[in-house]
Every structure is written in structure tokens, then in C-alpha cells.
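As C-alpha cells, the structure follows; a few thoughts come after it.
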Amino acid sequence: MGLFDFFKKKETTQQEQQALDTGLEKTKDNFFSKITKVIAGKSTVDDDVLDDLEEVLVTSDVGVSTTLKIIGRIQARVAKDKYVNTSELNNLLKDEIQQLLAENNSNDFRTFEYGSQKPYVIMVVGVNGVGKTTTIGKLAHKLKQAGNQVVLGAADTFRAAAVDQIKLWGERVDVKVVAQAMGSDPASVAYDTLRSAVANGDDVAIIDTAGRLHNKVGLMNELTKIKNVMQKVVPGAPHEILLVLDASTGQNAIEQCKQFTEATAVNALALTKLDGTAKGGVVIGISDQFKIPVKYIGVGEGMEHLQLFDRNEFVNSLFK
Ligand SMILES: Nc1nc2c(ncn2[C@@H]2O[C@H](COP(=O)(O)OP(=O)(O)OP(=O)(O)O)[C@@H](O)[C@H]2O)c(=O)[nH]1
């Protein structure tokens with residue numbers, strides 16, 4: 001099975017479903033306990049209920065603009081159907097969220113064409129501590145399991161720990177890591193990694209980058225330099241710029257997304273640490289606001305805890 005098959009829609013295994021359901025538990029508890037309070041003692045969905053629902057969505061990290069869209073849609077449904085029982089609110093909400101995500105992800109990554117690019121180059125960006133290295137390790141493991149030959153580039157040369165950490169992941173998942181000394185030029189590491197990938201006929205090269213968000217121009221220049229150097233070895237690289245965001249930081253993740261998308265052409269998102277946070281609603285807000293496909297979600301620390309994001313499964317699990 002190659003890269004193309006890896007990204008195709010597959011049956012979710014029972015294990016994956018369970019990890020998703022467990023991972024979303026805190027988000028669910030938070031969300032539904034608030035909704036239960038909103039509809040307590042009320043029989044119909046009226047303006048008061050909608051006002052309270054708006055607050056629930058905003059405080060569940062869905063984000064203001066996405067919340068307003070969802071409320072607007074429900075308002076329209078309620079106006080059309082005249083009388084909507086509060087017992088139907090959950091289903092109504094689920095429907096509208098699912099439809100909103102479907103409309104906004106017309107550029108769904110599962111419809112992307114993967115195939116001829118070899119090596120397929122993924123440049124990974126994001127601030128320190130969001131789970132960038134862990135995500136790279138998990139992704140390498142997943143790709144390798146699917147039969148791809150993978151190489152990692154330790155181009156986050158700013159911190160010694162980052163290089164060591166990616167080397168450790170390389171050992172753990174048995175994937176080659178190209179690294180230089182700490183403080184060396186990240187673009188040079190990226191160049192070496194792609195040279196090695198081409199020489200060895202690797203299918204995928206994943207390049208880690210430094211997570212500094214010093215200022216937009218500095219970040220932009222650094223990432224542009226890495227990209228330009230990579231293109232000398234693999235024209236068209238990077239094929240994917242994957243931004244890693246920590247879902248547990250809620251609105252901060254949205255802010256980081258803004259900054260990185262302004263600095264570079266991010267075309268895929270990974271949202272980590274969904275387990276252990278009540279802020280999972282941020283996935284809905286980010287999908288809606290940025291029109292960049294959420295490609296991966298992290299639902300635990302283990303190497304098997306990275307999942308391909310499926311919006312329907314996500315919403316189904318949330319409303320289970
Ligand atoms: N529970 C949980 N923990 C995660 C997940 N992804 C990453 N982590 C943890 O988050 C912490 C930070 O992850 P790193 O991969 O070191 O983060 P990073 O962004 O690479 O940060 P630097 O290495 O500091 O640049 C680690 O303890 C990971 O185990 C996830 O999906 N769920």
C-alpha cells in the first residue's frame with residue numbers, strides 16, 4: 001500500500017473509534033452539561049434558548065464567527081418549523097455542525113491527488129510544545145506501517161533537545177533521521193534530508209522546523225529559505241505544509257493558525273492533545289474559519305494515537 005492508499009477513506013477500526021470516543025470525553029461532558037442547563041425547564045427552542053446556546057458554543061471554543069453561523073442556521077430552521085421541541089436541539093445542532101463542516105471542507109484532503117510525487121515532502125511547522133515532534137514520530141510510524149519508506153529531517157536546530165527528540169522517535173519507529181549539529185542552518189538540514197531521500201528512493205520526507213514565532217517577517221524568511229533550498233533538490237517541494245496546533249490551548253490555537261497562515265502557505269492541519277481537554281470544539285471553529293483541511297488529530301501520547309481526521313466521525317462521536 002502506498003501513499004495514495006494511506007490517505008483514502010478506510011473503515012475505522014474499533015480501536016480507533018474507541019480512542020476517538022475516549023479522547024473526546026472531556027469535550028463532550030463540558031458541552032452537554034452546559035446544554036442540559038440551557039434547556040432545563042424549557043420545552044421549545046425560543047430566542048432565550050438560542051441566546052444561551054450561543055454562549056455555550058463560544059465558551060466551548062467553537063469561536064465567535066462559527067458560533068454565529070451555527071446559531072443563524074438553527075434560527076432559520078426554527079423559524080421554518082415554527083415549533084421545535086428542546087429535545088430535538090441536540091440533533092438539530094449535530095446536523096448543522098455536520099453540514100457546516102461539509103460545506104467548508106470542499107477542499108477535503110481525502111480528495112487530494114497523491115501519487116506521482118516522490119519523495120512526497122511534508123514540512124512541519126508550529127510553535128514549541130504543541131506536539132510537533134510527537135506528531136512527526138506518529139506520522140512516520142503510520143506511513144511506514146502503510147508500506148512507505150520514510151526519512152525525517154531534524155531541521156529544528158535551534159534547540160538541542162528537539163534534535164535528540166526526533167532522533168529518539170526515529171529509533172522508536174525505525175525510520176532514518178538526517179541531522180546536523182545544534183545551531184546549524186535548518187535549510188542545510190532540509191537540503192541534506194531531501195538529497196538522502198532522493199538517493200535512497202524514499203517515498204516520504206518529513207522535515208521538522210523550529211517553532212519560533214518571533215515575528216512574522218522572521219518566520220516567513222526562515223520558512224521561505226528552507227522551501228527554496230528544498231526545491232533545488234525536489235521541484236515542487238514541499239508538497240504539504242502541515243501546521244501542528246495544540247487543541248487544548250483553545251483560542252490560542254486559532255491565533256497561531258492566523259499567524260502561520262499569514263507567514264506561509266499552510267495546506268494541512270494537525271490538532272493535537274484532544275484527549276484530556278474540554279476544548280475540542282476548537283476543531284469545528286478552525287475547520288470553518290481557515291478552510292484548510294484538518295488532516296490529523298492527536299488523541300493520546302502513544303505512536304498509534306494519531307488519526308486521520310474524518311469530520312463525520314468526529315461529529316458523530318461528539319454527539320454519541
Ligand atoms: N495527551 C496527548 N499528549 C500529546 C499529544 N501529542 C503530543 N503530546 C505530548 O505533548 C508534549 C509535547 O510534545 P512535543 O512533541 O515534545 O512538542 P513539540 O511541539 O515538538 O515541542 P518541542 O519539541 O518543544 O518543539 C509531549 O509530552 C507529548 O507526549 C496528544 O495527542 N495527546
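Chain lettering (A, B, ...) mirrors the order of the C-alpha cells, residue numbering begins at 1 for each chain separately, and ligand numbering begins at 1 in order of display.
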
Please tabulate, as a tab-separated table, the residues of chain A that come within 7 Å of ligand 1, each with its closest pair of atoms and the distance in Å to one decimal, counting only C-alpha atoms and all ligand atoms and ordering rows by chain, then residue number upward.
```
residue	atom	partner	partner_atom_place_in_ligand_line	distance
A:Gly126	CA	ligand 1	19 (O)	6.8
A:Val127	CA	ligand 1	19 (O)	6.1
A:Asn128	CA	ligand 1	25 (O)	3.7
A:Gly129	CA	ligand 1	21 (O)	3.3
A:Val130	CA	ligand 1	19 (O)	3.9
A:Gly131	CA	ligand 1	17 (O)	3.2
A:Lys132	CA	ligand 1	19 (O)	3.6
A:Thr133	CA	ligand 1	20 (O)	3.6
A:Thr134	CA	ligand 1	15 (O)	3.6
A:Thr135	CA	ligand 1	6 (N)	6.2
A:Ala161	CA	ligand 1	23 (O)	6.9
A:Ala162	CA	ligand 1	23 (O)	4.9
A:Gln165	CA	ligand 1	23 (O)	6.8
A:Gly211	CA	ligand 1	25 (O)	6.0
A:Thr272	CA	ligand 1	31 (O)	4.2
A:Lys273	CA	ligand 1	32 (N)	3.5
A:Leu274	CA	ligand 1	31 (O)	6.0
A:Asp275	CA	ligand 1	1 (N)	5.6
A:Gly276	CA	ligand 1	1 (N)	6.3
A:Ile297	CA	ligand 1	31 (O)	6.9
A:Gly298	CA	ligand 1	31 (O)	3.3
A:Val299	CA	ligand 1	31 (O)	4.3
A:Gly300	CA	ligand 1	32 (N)	3.5
A:Glu301	CA	ligand 1	3 (N)	4.4
A:His305	CA	ligand 1	31 (O)	6.6
A:Leu306	CA	ligand 1	31 (O)	6.8
```

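Computed from the coordinates, the atom CA of A:Gln289 to atom CA of A:Val38 distance equals 26.0 Å.
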
Q | Residue list (strand (DSSP E), DSSP) for stretch 67-263 of chain A, as a list in words | A |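 Selection result, strand (DSSP E) within stretch 67-263 of chain A: Tyr120, Val121, Ile122, Met123, Val124, Val125, Val150, Val151, Leu152, Gly153, Ala154, Ala155, Lys176, Val177, Val178, Val204, Ala205, Ile206, Ile207, Asp208, Thr209, Glu240, Ile241, Leu242, Leu243, Val244, Leu245 and Asp246 of chain A.
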
Next, write the just-selected residues to a file, as a JSON list (two decimals), in the first residue's frame, keeping C-alpha atoms as the atom set.
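Result went into part-v6.json, see below:
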```
[["chain", "number", "residue", "atom", "x", "y", "z"],
["A", 120, "TYR", "CA", 6.40, 13.46, -1.08],
["A", 121, "VAL", "CA", 7.76, 16.24, 1.12],
["A", 122, "ILE", "CA", 5.98, 17.37, 4.27],
["A", 123, "MET", "CA", 7.30, 20.45, 6.05],
["A", 124, "VAL", "CA", 6.01, 20.61, 9.60],
["A", 125, "VAL", "CA", 5.53, 23.96, 11.32],
["A", 150, "VAL", "CA", 10.15, 7.47, 5.27],
["A", 151, "VAL", "CA", 13.00, 9.80, 6.24],
["A", 152, "LEU", "CA", 12.91, 12.53, 8.89],
["A", 153, "GLY", "CA", 14.86, 15.79, 8.77],
["A", 154, "ALA", "CA", 15.80, 17.40, 12.09],
["A", 155, "ALA", "CA", 15.71, 20.97, 10.83],
["A", 176, "LYS", "CA", 16.13, 7.18, 9.32],
["A", 177, "VAL", "CA", 16.78, 10.67, 10.70],
["A", 178, "VAL", "CA", 19.03, 13.20, 8.97],
["A", 204, "VAL", "CA", 8.07, 10.47, 2.08],
["A", 205, "ALA", "CA", 10.37, 13.04, 3.71],
["A", 206, "ILE", "CA", 9.13, 14.84, 6.82],
["A", 207, "ILE", "CA", 11.00, 17.98, 7.80],
["A", 208, "ASP", "CA", 10.74, 19.38, 11.33],
["A", 209, "THR", "CA", 11.24, 23.14, 11.62],
["A", 240, "GLU", "CA", 2.47, 19.70, 2.18],
["A", 241, "ILE", "CA", 2.97, 22.35, 4.84],
["A", 242, "LEU", "CA", 1.49, 20.85, 7.95],
["A", 243, "LEU", "CA", 0.74, 23.20, 10.84],
["A", 244, "VAL", "CA", 0.55, 21.49, 14.22],
["A", 245, "LEU", "CA", -1.74, 23.12, 16.78],
["A", 246, "ASP", "CA", -2.47, 22.16, 20.37]]
```

Hey, which bits of stretch 10-38 of chain A sit within 10 Å of stretch 87-101 of chain A, and for each residue what's the closest pair of atoms and how far apart in Å (one decimal), counting only C-alpha atoms, rows by chain and increasing number, as JSON lines?
```
{"residue": "A:Phe32", "atom": "CA", "partner": "A:Asn90", "partner_atom": "CA", "distance": 8.9}
{"residue": "A:Ile35", "atom": "CA", "partner": "A:Asn90", "partner_atom": "CA", "distance": 8.5}
{"residue": "A:Thr36", "atom": "CA", "partner": "A:Asn90", "partner_atom": "CA", "distance": 9.8}
```

Q: One decimal, Å: what's the distance from atom CA of A:Ser184 over to atom CA of A:Val233, could you say?
A: 19.1 Å

(Q) What does the structure give for the distance between atom CA of A:Ala140 and atom CA of A:Val173, in Å to one decimal? (A)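 Atom CA of A:Val173 lies at a distance of 7.3 Å from atom CA of A:Ala140.
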
Q | Option closest in space to A:Gly183, from A:Ala197, A:Ala210, A:Ile292, A:Val64 [counting only C-alpha atoms] | A | A:Ala210

Q: Do a neighbour search on stretch 49-57 of chain A at 9 Å with only C-alpha atoms, toss out local chain neighbours closer than 5 positions, and write the hits as a ChimeraX atom specification.
A: /A:31,34-35,38-39,42,44,62-64,66-68,70-71,74-75,86,281

**Q.** For A:Arg311: contacts at 10 Å, only C-alpha atoms, fewer than 4 positions along chain excluded, given as a ChimeraX atom specification
**A.** /A:97-99,101-102,105,108,283-284,287,293-295,315-317

Q: Determine the nearest neighbour of A:Lys225 from the options A:Ala19, A:Ile136, A:Val266, A:Ala187, counting only C-alpha atoms.
A: A:Ala187

(Q) Using DSSP secondary structure from the backbone, list all alpha helix (DSSP H) positions within stretch 121-255 of chain A, as a PyMOL selection string. (A) chain A and resi 132-145+160-173+186-200+216-233+251-255

Q: May I have the residues within 12 Å of A:Pro235 as a PyMOL selection string, using only C-alpha atoms and disregarding those fewer than 3 positions away in the same chain?
A: chain A and resi 117-121+194+198+227-232+238-239
